[in-house]
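S.K.: Can you keep this structure in mind? I'll have questions shortly.
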Amino acid sequence: MNNKKAREEKALSKELERQRKEQIRIAERKRKKQMGGSKDCLQYLILMLDTRIVNSGGHGVAIFKACEALGIQYITKEQTVPFSITWNRQVTSINVSRENQVETMKSEQTEEDVLVLLPVADFVNFVQNHKKCGSELGGGPTLTNYVQTVKQHLPNSFLSFVVIGMEKYFRDQKTKVQRKHRAAVLSNERATPCTYSDQGSVHRLDIEEV
């Protein structure tokens with residue numbers, strides 16, 4: 001009788017151990033997916049989009065469509081840094097209790113990567129201030145100053161800065177110069193395209209020097 005009970009207990013113990021290992025394997029496979037071990041990892045990402053990108057940046061709709069196409073969840077929320085995008089990842093943690101029970105806990109962890117969108121007007125202003133540095137005109141905050149400020153707010157993040165719309169800005173500036181030149185010719189005045197640079201526009205060479 002005792003031998004039979006011992007065999008049953010041993011069989012039960014083996015079955016419980018098998019179930020425990022299977023639970024751990026399932027949880028580890030899921031965690032591997034969540035951490036980028038497969039193409040399915042995107043479904044565990046949550047994109048945190050600063051409200052200013054949606055309200056005044058004009059890029060919200062395009063970002064929403066891209067997220068939906070990739071199966072990424074997104075939330076609009078005011079971020080520490082204006083016009084920034086951060087990511088949270090849903091992860092599963094495994095814990096084995098004293099009773100040898102496998103417990104899985106779901107949580108969110110913030111990714112280290114941060115994308116900062118710079119409005120064209122702000123970027124142009126940074127470039128203009130950079131051009132004034134060292135001159136008697138003085139200057140306000142430059143791109144370098146701004147990057148340093150962002151790093152102070154997010155010291156442990158990998159930062160990427162993107163300016164969207166510069167090509168349109170250059171096209172608009174070119175159109176203004178052409179219109180001024182045309183008007184000058186029609187009025188028999190000498191055209192002075194460089195006037196726009198004096199009035200605050202920037203050129204590709206200015207950007208390369210920042």
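Letters for chains follow the order of the structure tokens (A, B, ...), residue numbers begin at 1 for each chain, and ligand numbers begin at 1 in the order shown.
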Which polymer residues have any atom within 9 Å of an atom of Lys106 (chain A), counting only C-alpha atoms, with same-chain residues fewer than 6 positions away left out, as a VMD selection string?
M.R.: chain A and resid 90 to 93
S.K.: Keeping only N, CA and C atoms, write those residues as a PDB file, in the first residue's frame.
M.R.:
```pdb
ATOM      1  N   GLN A  90       5.470  45.905 -23.988  1.00  0.00           N
ATOM      2  CA  GLN A  90       4.797  44.999 -23.071  1.00  0.00           C
ATOM      3  C   GLN A  90       5.663  43.747 -22.900  1.00  0.00           C
ATOM      4  N   VAL A  91       5.993  43.427 -21.657  1.00  0.00           N
ATOM      5  CA  VAL A  91       6.870  42.280 -21.400  1.00  0.00           C
ATOM      6  C   VAL A  91       6.241  41.360 -20.355  1.00  0.00           C
ATOM      7  N   THR A  92       6.620  40.096 -20.419  1.00  0.00           N
ATOM      8  CA  THR A  92       6.146  39.090 -19.469  1.00  0.00           C
ATOM      9  C   THR A  92       7.323  38.608 -18.636  1.00  0.00           C
ATOM     10  N   SER A  93       7.185  38.693 -17.322  1.00  0.00           N
ATOM     11  CA  SER A  93       8.230  38.223 -16.410  1.00  0.00           C
ATOM     12  C   SER A  93       7.807  36.892 -15.793  1.00  0.00           C
TER      13      SER A  93
END
```
S.K.: Apply DSSP to the backbone of this structure and, from region 121-166 of chain A, keep only the residues in strand (DSSP E); write these as a list in words.
M.R.: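 So the strand (DSSP E) residues in region 121-166 of chain A would be Phe158, Leu159, Ser160, Phe161, Val162 and Val163 of chain A.
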S.K.: Grab the residues selected above and save them as an mmCIF file, in the first residue's frame with C-alpha atoms.
M.R.:
```cif
data_model
loop_
_atom_site.group_PDB
_atom_site.id
_atom_site.type_symbol
_atom_site.label_atom_id
_atom_site.label_comp_id
_atom_site.auth_asym_id
_atom_site.auth_seq_id
_atom_site.Cartn_x
_atom_site.Cartn_y
_atom_site.Cartn_z
ATOM 1 C CA PHE A 158 19.308 57.281 -27.240
ATOM 2 C CA LEU A 159 18.173 60.446 -29.010
ATOM 3 C CA SER A 160 17.443 60.950 -32.696
ATOM 4 C CA PHE A 161 16.466 64.360 -34.084
ATOM 5 C CA VAL A 162 14.523 64.701 -37.328
ATOM 6 C CA VAL A 163 13.433 67.781 -39.270
#
```
S.K.: Report the residues of region 35-203 of chain A whose backbone DSSP state falls under alpha helix (DSSP H), written as JSON, numbers by chain.
M.R.: {"A": [51, 52, 60, 61, 62, 63, 64, 65, 66, 67, 68, 69, 70, 120, 121, 122, 123, 124, 125, 126, 127, 128, 129, 130, 131, 132, 143, 144, 145, 146, 147, 148, 149, 150, 151, 152, 153, 166, 167, 168, 169, 170, 171, 172, 173, 174, 175, 176, 177, 178, 179, 180, 181, 182, 183, 184, 185, 186, 195, 196, 197, 198]}
S.K.: So that I can see what lies close to Gln79 (chain A), please list as a list in words the residues with an atom at most 8 Å from it, counting only C-alpha atoms and leaving out residues fewer than 4 positions away in the same chain.
M.R.: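 The filter keeps Leu49, Asp50, Thr51, Phe83, Ser84 and Ile85 of chain A.
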S.K.: Within 10 Å of Arg52 (chain A), counting only C-alpha atoms, which residues qualify if same-chain residues fewer than 3 places away don't, as a PyMOL selection string?
M.R.: chain A and resi 49+55-60+76-79+82-84
S.K.: For the residues selected in the previous step, produce a file with C-alpha atoms as an mmCIF file, in the first residue's frame.
M.R.:
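Output contents, as saved in part.cif:
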```
data_model
loop_
_atom_site.group_PDB
_atom_site.id
_atom_site.type_symbol
_atom_site.label_atom_id
_atom_site.label_comp_id
_atom_site.auth_asym_id
_atom_site.auth_seq_id
_atom_site.Cartn_x
_atom_site.Cartn_y
_atom_site.Cartn_z
ATOM 1 C CA LEU A 49 3.087 60.329 -29.413
ATOM 2 C CA ASN A 55 -2.236 69.358 -32.678
ATOM 3 C CA SER A 56 0.316 71.568 -34.408
ATOM 4 C CA GLY A 57 2.880 69.362 -36.105
ATOM 5 C CA GLY A 58 0.563 68.139 -38.837
ATOM 6 C CA HIS A 59 2.138 64.670 -38.931
ATOM 7 C CA GLY A 60 -0.240 62.798 -36.637
ATOM 8 C CA THR A 76 -1.251 60.495 -27.729
ATOM 9 C CA LYS A 77 0.173 61.866 -24.508
ATOM 10 C CA GLU A 78 2.077 65.007 -23.607
ATOM 11 C CA GLN A 79 5.755 64.071 -23.381
ATOM 12 C CA PRO A 82 7.926 68.658 -26.976
ATOM 13 C CA PHE A 83 7.336 66.933 -30.332
ATOM 14 C CA SER A 84 8.937 63.687 -29.143
#
```
S.K.: Closest to Arg89 (chain A) among A:Thr149, A:Gln128, A:Gln73, A:Ser187, using only C-alpha atoms?
M.R.: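 So, comparing all the options, the nearest one is A:Gln73.
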